[in-house]
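First the structure, in the form of structure tokens, and then the observations on it.
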Amino acid sequence: MVAITASVPKPASRLRFILDRRDVLGALFVAPAILYVLLLVGVPFLMAVYYSLSAYTIYDPSWQFVGLQNFIDIVQNPTFRQTLTNTFIFTFGSQFLGLILGKFGALVLLRPFPGRKIVRALIILPWAVPVALATVAWQWMFDSLYSVINWSFIAMGFITRDEAPNWLGTPHLAMLSVIIVNAWRFFPFAIVIFLAGITAVPQDVLDAATVDGAGFWRRNYQIIVPMILPIVAIGLIFGIVFTFTDLSIVFLMTMGGPIGATSVLGFAGFQTGITSGDVAHGAAISLFMLPVLLIVVVFMLRFIRRREI
Amino acid sequence: MARTTVAKAAQDTAFYGAVAFFVVLAAFPFYWMLITSFKTNADLYNVTNIPFWFNDAPTLEHFRYLFGKTLFATWLLNSVIIGLCVVAITLVTALPAAYSLARMTGRTGETLGIGIFLTYLVPPTLLFLPLSRVIAELGLQNSMWALVIVYPTFTIPFCTWLLMGFFKAMPPEIEEAAIVDGCSLFGAFIKMALPLSVPGILTVVIFTFTLTLQEFVYALTFISSSDQKPITLGVATDLIRGDVFYWGEIMAGALIASIPVAIAYNLFLDRFIAGITGGAVK
């Protein structure tokens with residue numbers, strides 16, 4: 001009897017003892033998150049790689065291995081090469097435009113003035129609001145007949161109604177339109193990133209430089225810019241990754257058209273893999289994003305390491 | 001004296017001109033949503049009308065149509081359900097993970113944390129093909145529950161990273177004192193760390209919710225039945241009959257869905273930036 005009562009608390013205390021070990025509880029705590037990510041990001045990623053090397057379509061789910069044939073097929077396809085070029089134009093065009101707007105916007109918001117909070121709240125809107133909804137508003141603004149942009153140009157006498165451009169129906173204009181919408185979506189993010197960087201520059205460093213005779217431009221380009229470079233780099237990385245892999249803006253505004261002029265990798269992967277059901281080729285198209293993503297990841301890792309030391 | 005006043009006035013004009021430019025650039029599409037959603041169709045589809053204000057009296061017909069004759073209310077409800085479920089899944093997994101990575105696993109935790117965060121950068125457009133297969137295997141094709149399963153793949157990494165920074169900024173002495181007083185490690189987490197991190201948890205809840213509202217690619221890929229769509233997908237793709245866009249209704253729906261997200265972002269922006277840059281400014 002005595003022996004039994006004495007032995008009962010033992011397993012409980014052992015469990016408690018294990019749970020009180022930092023490494024054990026730490027591993028238990030982190031396990032669900034890691035498992036979730038491994039199962040639904042890691043495994044699908046490997047599946048995507050395998051799809052791209054197989055002959056898998058929704059009509060023939062045999063997963064037959066075909067090596068690099070899919071990649072050879074798509075690289076030889078001029079439509080795909082155009083898609084690849086489009087993706088780079090779309091990404092760098094909109095990031096460039098977004099960064100310029102962001103830098104100037106940050107300079108404006110840096111100066112205190114009455115109503116700055118409200119202005120900031122309004123300027124942040126394009127980035128906060130779901131991209132699909134904002135894109136639909138732009139689609140309506142670029143409408144072939146009722147475009148408010150064309151209406152304004154006509155009212156100001158720049159063009160006549162017959163000359164009014166069909167923004168989303170003309171190849172170069174369509175590309176310009178999706179770039180504008182994407183830059184518009186990202187510039188508030190760029191502003192916020194620049195602001196976060198600039199306000200983090202210690203005032204005493206700036207004061208010391210001023211005392212030593214550094215003027216506005218010298219302070220700007222020899223102190224502020226180098227000091228905010230890391231944070232701007234992070235912002236740019238996010239911008240590039242999310243633009244390079246984007247699908248929604250092109251899908252909603254142009255459907256990749258006219259005649260493939262705005263087709264980008266994400267959209268082409270969707271068209272081939274989901275709409276047409278050619279999963280293998282779709283996966284191969286999507287995997288063309290990988291080199292860019294890898295470069296970004298390496299850059300980011302190096303950056304984070306340096307910050308920790 | 002007069003000269004400097006003139007120069008100052010010119011400078012001010014240029015400055016407020018720049019402010020006005022940015023405000024118009026950022027906010028005009030939303031003004032456009034607003035005014036479109038209250039205009040009568042006769043007013044909307046008339047190229048001779050001045051489009052910037054009301055030529056006919058404002059009307060609620062688009063809102064009435066939206067709630068009465070479309071599935072808008074269902075989409076709204078779907079989005080709320082999806083958002084709440086994803087928030088629950090994210091909190092249950094990301095809170096302990098972030099605590100562990102910040103406090104219990106040392107150097108390995110740091111590396112693991114970066115690894116988890118990097119998965120946030122793996123784009124939906126790379127994963128949607130295999131994931132749609134996974135969804136089919138689970139029998140969830142064409143169901144909003146597919147999104148409840150899939151959305152945590154980006155909310156968990158993001159929130160773990162955000163919370164990691166939060167736990168690191170908290171002084172460890174409080175939990176250590178609790179442990180010295182006989183509290184278990186687990187107890188210290190539940191009774192000390194969690195109550196102290198309520199602001200962090202609140203941030204994560206808001207951002208998880210807005211991230212699920214903003215998502216479009218997975219919703220587009222997995223869901224085609226109208227009654228299963230979340231609000232963003234429904235408004236963007238379901239208010240079109242053949243070639244006819246119901247612009248008044250589309251803009252009304254977009255407006256309603258945008259407002260809460262816009263408010264949430266403005267309230268929690270600074271924390272979001274701190275999270276996304278991982279304290280790069282410090």
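The chains in the structure tokens are called A, B, ... from first to last as shown; in each chain the residues are counted from 1, and the ligands are counted from 1 in the order shown.
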
Who sits within 6 Å of segment 103-116 of chain B, only C-alpha atoms, same chain under 6 positions skipped, as number ranges by chain: A: 22, 26; B: 157

Next, write the just-selected residues to a file, as a PDB file, in the first residue's frame, keeping C-alpha atoms as the atom set.
ATOM      1  CA  ARG A  22      14.663  23.973 -21.764  1.00  0.00           C
ATOM      2  CA  GLY A  26      11.685  24.374 -26.700  1.00  0.00           C
TER       3      GLY A  26
ATOM      4  CA  PRO B 157       6.094  32.290 -40.790  1.00  0.00           C
TER       5      PRO B 157
END

What residues in segment 38-271 of chain B get the DSSP label helix (DSSP H, G or I)? Please answer as an MDAnalysis selection string. chainID B and resid 41:44 61:69 72:104 106:119 124:137 145:150 152:168 173:180 185:196 198:214 217:222 226:228 231:237 247:271

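Here the question is which of A:Phe45, A:Ala137, A:Ile124, A:Tyr51 gets nearest to Phe268 of chain B using only C-alpha atoms, and that residue is A:Ile124.
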
Counting only C-alpha atoms, collect the residues of chain A whose closest atom lies at most 7 Å from chain B, and write them out as number ranges by chain. A: 20, 22-23, 26, 29-30, 32-33, 37, 40-41, 44-45, 47-48, 105, 108, 119, 121-123, 125-126, 128-133, 136-138, 146, 148, 197, 200, 230-231, 234, 241, 245, 247-248, 266, 273, 279, 283, 286-287

For those residues, write N, CA and C atoms to a file as a compact mmCIF listing (two decimals), in the first residue's frame.
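Result file part-v1.txt:
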# COMPACT_ATOMS: atom_id res chain seq x y z
N ASP A 20 10.46 20.40 -17.99
CA ASP A 20 11.19 21.54 -17.44
C ASP A 20 12.58 21.67 -18.02
N ARG A 22 14.81 22.92 -20.79
CA ARG A 22 14.66 23.97 -21.76
C ARG A 22 14.64 23.45 -23.20
N ASP A 23 15.59 22.56 -23.53
CA ASP A 23 15.70 22.12 -24.92
C ASP A 23 14.50 21.28 -25.32
N GLY A 26 11.44 23.51 -25.54
CA GLY A 26 11.69 24.37 -26.70
C GLY A 26 11.38 23.65 -27.99
N PHE A 29 7.66 23.13 -28.41
CA PHE A 29 6.97 24.38 -28.73
C PHE A 29 7.10 24.74 -30.21
N VAL A 30 8.26 24.47 -30.75
CA VAL A 30 8.50 24.93 -32.11
C VAL A 30 8.02 23.89 -33.14
N PRO A 32 5.10 22.24 -33.87
CA PRO A 32 3.90 22.40 -34.74
C PRO A 32 4.12 23.37 -35.89
N ALA A 33 4.76 24.50 -35.60
CA ALA A 33 4.99 25.49 -36.66
C ALA A 33 5.88 24.91 -37.76
N VAL A 37 4.79 24.13 -41.70
CA VAL A 37 5.50 24.74 -42.83
C VAL A 37 6.15 23.67 -43.70
N LEU A 40 3.26 21.84 -45.71
CA LEU A 40 2.49 22.59 -46.70
C LEU A 40 3.30 23.61 -47.49
N VAL A 41 4.58 23.74 -47.18
CA VAL A 41 5.44 24.55 -48.06
C VAL A 41 6.58 23.68 -48.59
N PRO A 44 5.15 20.52 -50.82
CA PRO A 44 4.65 21.01 -52.11
C PRO A 44 5.75 21.58 -53.00
N PHE A 45 6.74 22.20 -52.38
CA PHE A 45 7.83 22.73 -53.19
C PHE A 45 8.55 21.60 -53.93
N MET A 47 7.27 18.74 -54.59
CA MET A 47 6.32 18.23 -55.59
C MET A 47 6.37 19.07 -56.85
N ALA A 48 6.46 20.40 -56.67
CA ALA A 48 6.52 21.29 -57.84
C ALA A 48 7.75 20.97 -58.68
N GLY A 105 8.13 60.98 -51.67
CA GLY A 105 7.04 60.97 -50.70
C GLY A 105 7.57 61.02 -49.28
N VAL A 108 8.61 64.44 -48.36
CA VAL A 108 7.45 65.28 -48.07
C VAL A 108 6.92 65.01 -46.67
N VAL A 119 -2.77 62.81 -43.87
CA VAL A 119 -2.12 62.62 -45.16
C VAL A 119 -1.42 61.27 -45.20
N ALA A 121 -2.20 58.63 -43.49
CA ALA A 121 -3.22 57.57 -43.55
C ALA A 121 -3.74 57.40 -44.98
N LEU A 122 -3.92 58.53 -45.69
CA LEU A 122 -4.43 58.44 -47.06
C LEU A 122 -3.38 57.85 -48.00
N ILE A 123 -2.11 58.25 -47.78
CA ILE A 123 -1.06 57.79 -48.68
C ILE A 123 -0.81 56.28 -48.53
N LEU A 125 -3.01 54.03 -48.11
CA LEU A 125 -4.14 53.24 -48.63
C LEU A 125 -3.78 52.24 -49.74
N PRO A 126 -3.05 52.65 -50.78
CA PRO A 126 -2.82 51.71 -51.89
C PRO A 126 -2.16 50.42 -51.44
N ALA A 128 -2.35 49.16 -48.26
CA ALA A 128 -3.13 48.47 -47.24
C ALA A 128 -4.30 47.70 -47.84
N VAL A 129 -4.96 48.31 -48.80
CA VAL A 129 -6.18 47.72 -49.34
C VAL A 129 -5.86 46.48 -50.17
N PRO A 130 -6.68 45.44 -50.08
CA PRO A 130 -6.43 44.22 -50.86
C PRO A 130 -6.17 44.55 -52.33
N VAL A 131 -5.08 43.99 -52.84
CA VAL A 131 -4.61 44.37 -54.17
C VAL A 131 -5.67 44.08 -55.23
N ALA A 132 -6.41 43.00 -55.07
CA ALA A 132 -7.40 42.67 -56.09
C ALA A 132 -8.46 43.76 -56.20
N LEU A 133 -8.86 44.31 -55.06
CA LEU A 133 -9.92 45.32 -55.08
C LEU A 133 -9.41 46.63 -55.66
N VAL A 136 -9.18 46.34 -59.39
CA VAL A 136 -10.46 46.47 -60.09
C VAL A 136 -10.83 47.94 -60.25
N ALA A 137 -10.51 48.75 -59.23
CA ALA A 137 -10.79 50.19 -59.35
C ALA A 137 -9.98 50.79 -60.50
N TRP A 138 -8.73 50.39 -60.61
CA TRP A 138 -7.89 50.88 -61.71
C TRP A 138 -8.41 50.39 -63.07
N TYR A 146 -15.28 54.48 -70.70
CA TYR A 146 -15.62 55.42 -69.63
C TYR A 146 -14.41 55.79 -68.77
N VAL A 148 -11.83 57.57 -66.77
CA VAL A 148 -11.77 58.93 -66.22
C VAL A 148 -10.48 59.61 -66.63
N GLY A 197 13.77 54.32 -42.06
CA GLY A 197 15.22 54.43 -42.10
C GLY A 197 15.68 55.81 -41.68
N ALA A 200 15.47 56.76 -38.11
CA ALA A 200 16.34 55.98 -37.22
C ALA A 200 17.77 56.51 -37.21
N PRO A 230 20.61 49.51 -45.55
CA PRO A 230 20.15 48.16 -45.19
C PRO A 230 18.63 48.04 -45.19
N ILE A 231 17.96 49.02 -44.61
CA ILE A 231 16.51 48.90 -44.49
C ILE A 231 15.84 49.07 -45.86
N ILE A 234 16.08 45.77 -47.64
CA ILE A 234 15.04 44.83 -47.21
C ILE A 234 13.73 45.13 -47.93
N VAL A 241 10.45 40.38 -54.77
CA VAL A 241 9.88 39.03 -54.66
C VAL A 241 8.39 39.06 -54.97
N THR A 245 6.70 37.52 -58.65
CA THR A 245 5.86 36.32 -58.60
C THR A 245 4.37 36.68 -58.65
N LEU A 247 0.54 37.63 -59.66
CA LEU A 247 -0.42 37.12 -60.63
C LEU A 247 -1.65 38.00 -60.68
N SER A 248 -2.06 38.55 -59.53
CA SER A 248 -3.40 39.15 -59.46
C SER A 248 -3.58 40.38 -60.35
N GLY A 266 4.00 34.31 -63.23
CA GLY A 266 2.93 33.80 -62.38
C GLY A 266 1.67 33.54 -63.18
N GLY A 273 -0.86 25.66 -66.08
CA GLY A 273 -1.00 24.61 -65.08
C GLY A 273 -2.43 24.43 -64.59
N VAL A 279 -0.16 20.46 -65.96
CA VAL A 279 0.51 20.74 -64.69
C VAL A 279 2.03 20.75 -64.84
N ALA A 283 4.29 23.90 -63.89
CA ALA A 283 5.27 23.88 -62.81
C ALA A 283 6.63 24.32 -63.32
N SER A 286 6.60 28.08 -63.56
CA SER A 286 6.70 28.70 -62.23
C SER A 286 8.11 28.60 -61.67
N LEU A 287 8.78 27.48 -61.96
CA LEU A 287 10.11 27.29 -61.38
C LEU A 287 11.14 28.27 -61.94

One residue among B:Pro172, B:Phe272, B:Phe67, B:Tyr246 is nearest to Ile206 of chain B when using only C-alpha atoms, and that residue is B:Phe272

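Residues in contact with Ile223 of chain B at up to 8 Å, not including ones fewer than 5 positions away on its chain and judged by only C-alpha atoms, are Gln141, Asn142, Ser143, Met144, Gln228 and Lys229 of chain B.
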
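Taking atom CA of Leu138 of chain B and atom CA of Leu39 of chain A as endpoints, the distance between them is 13.2 Å.
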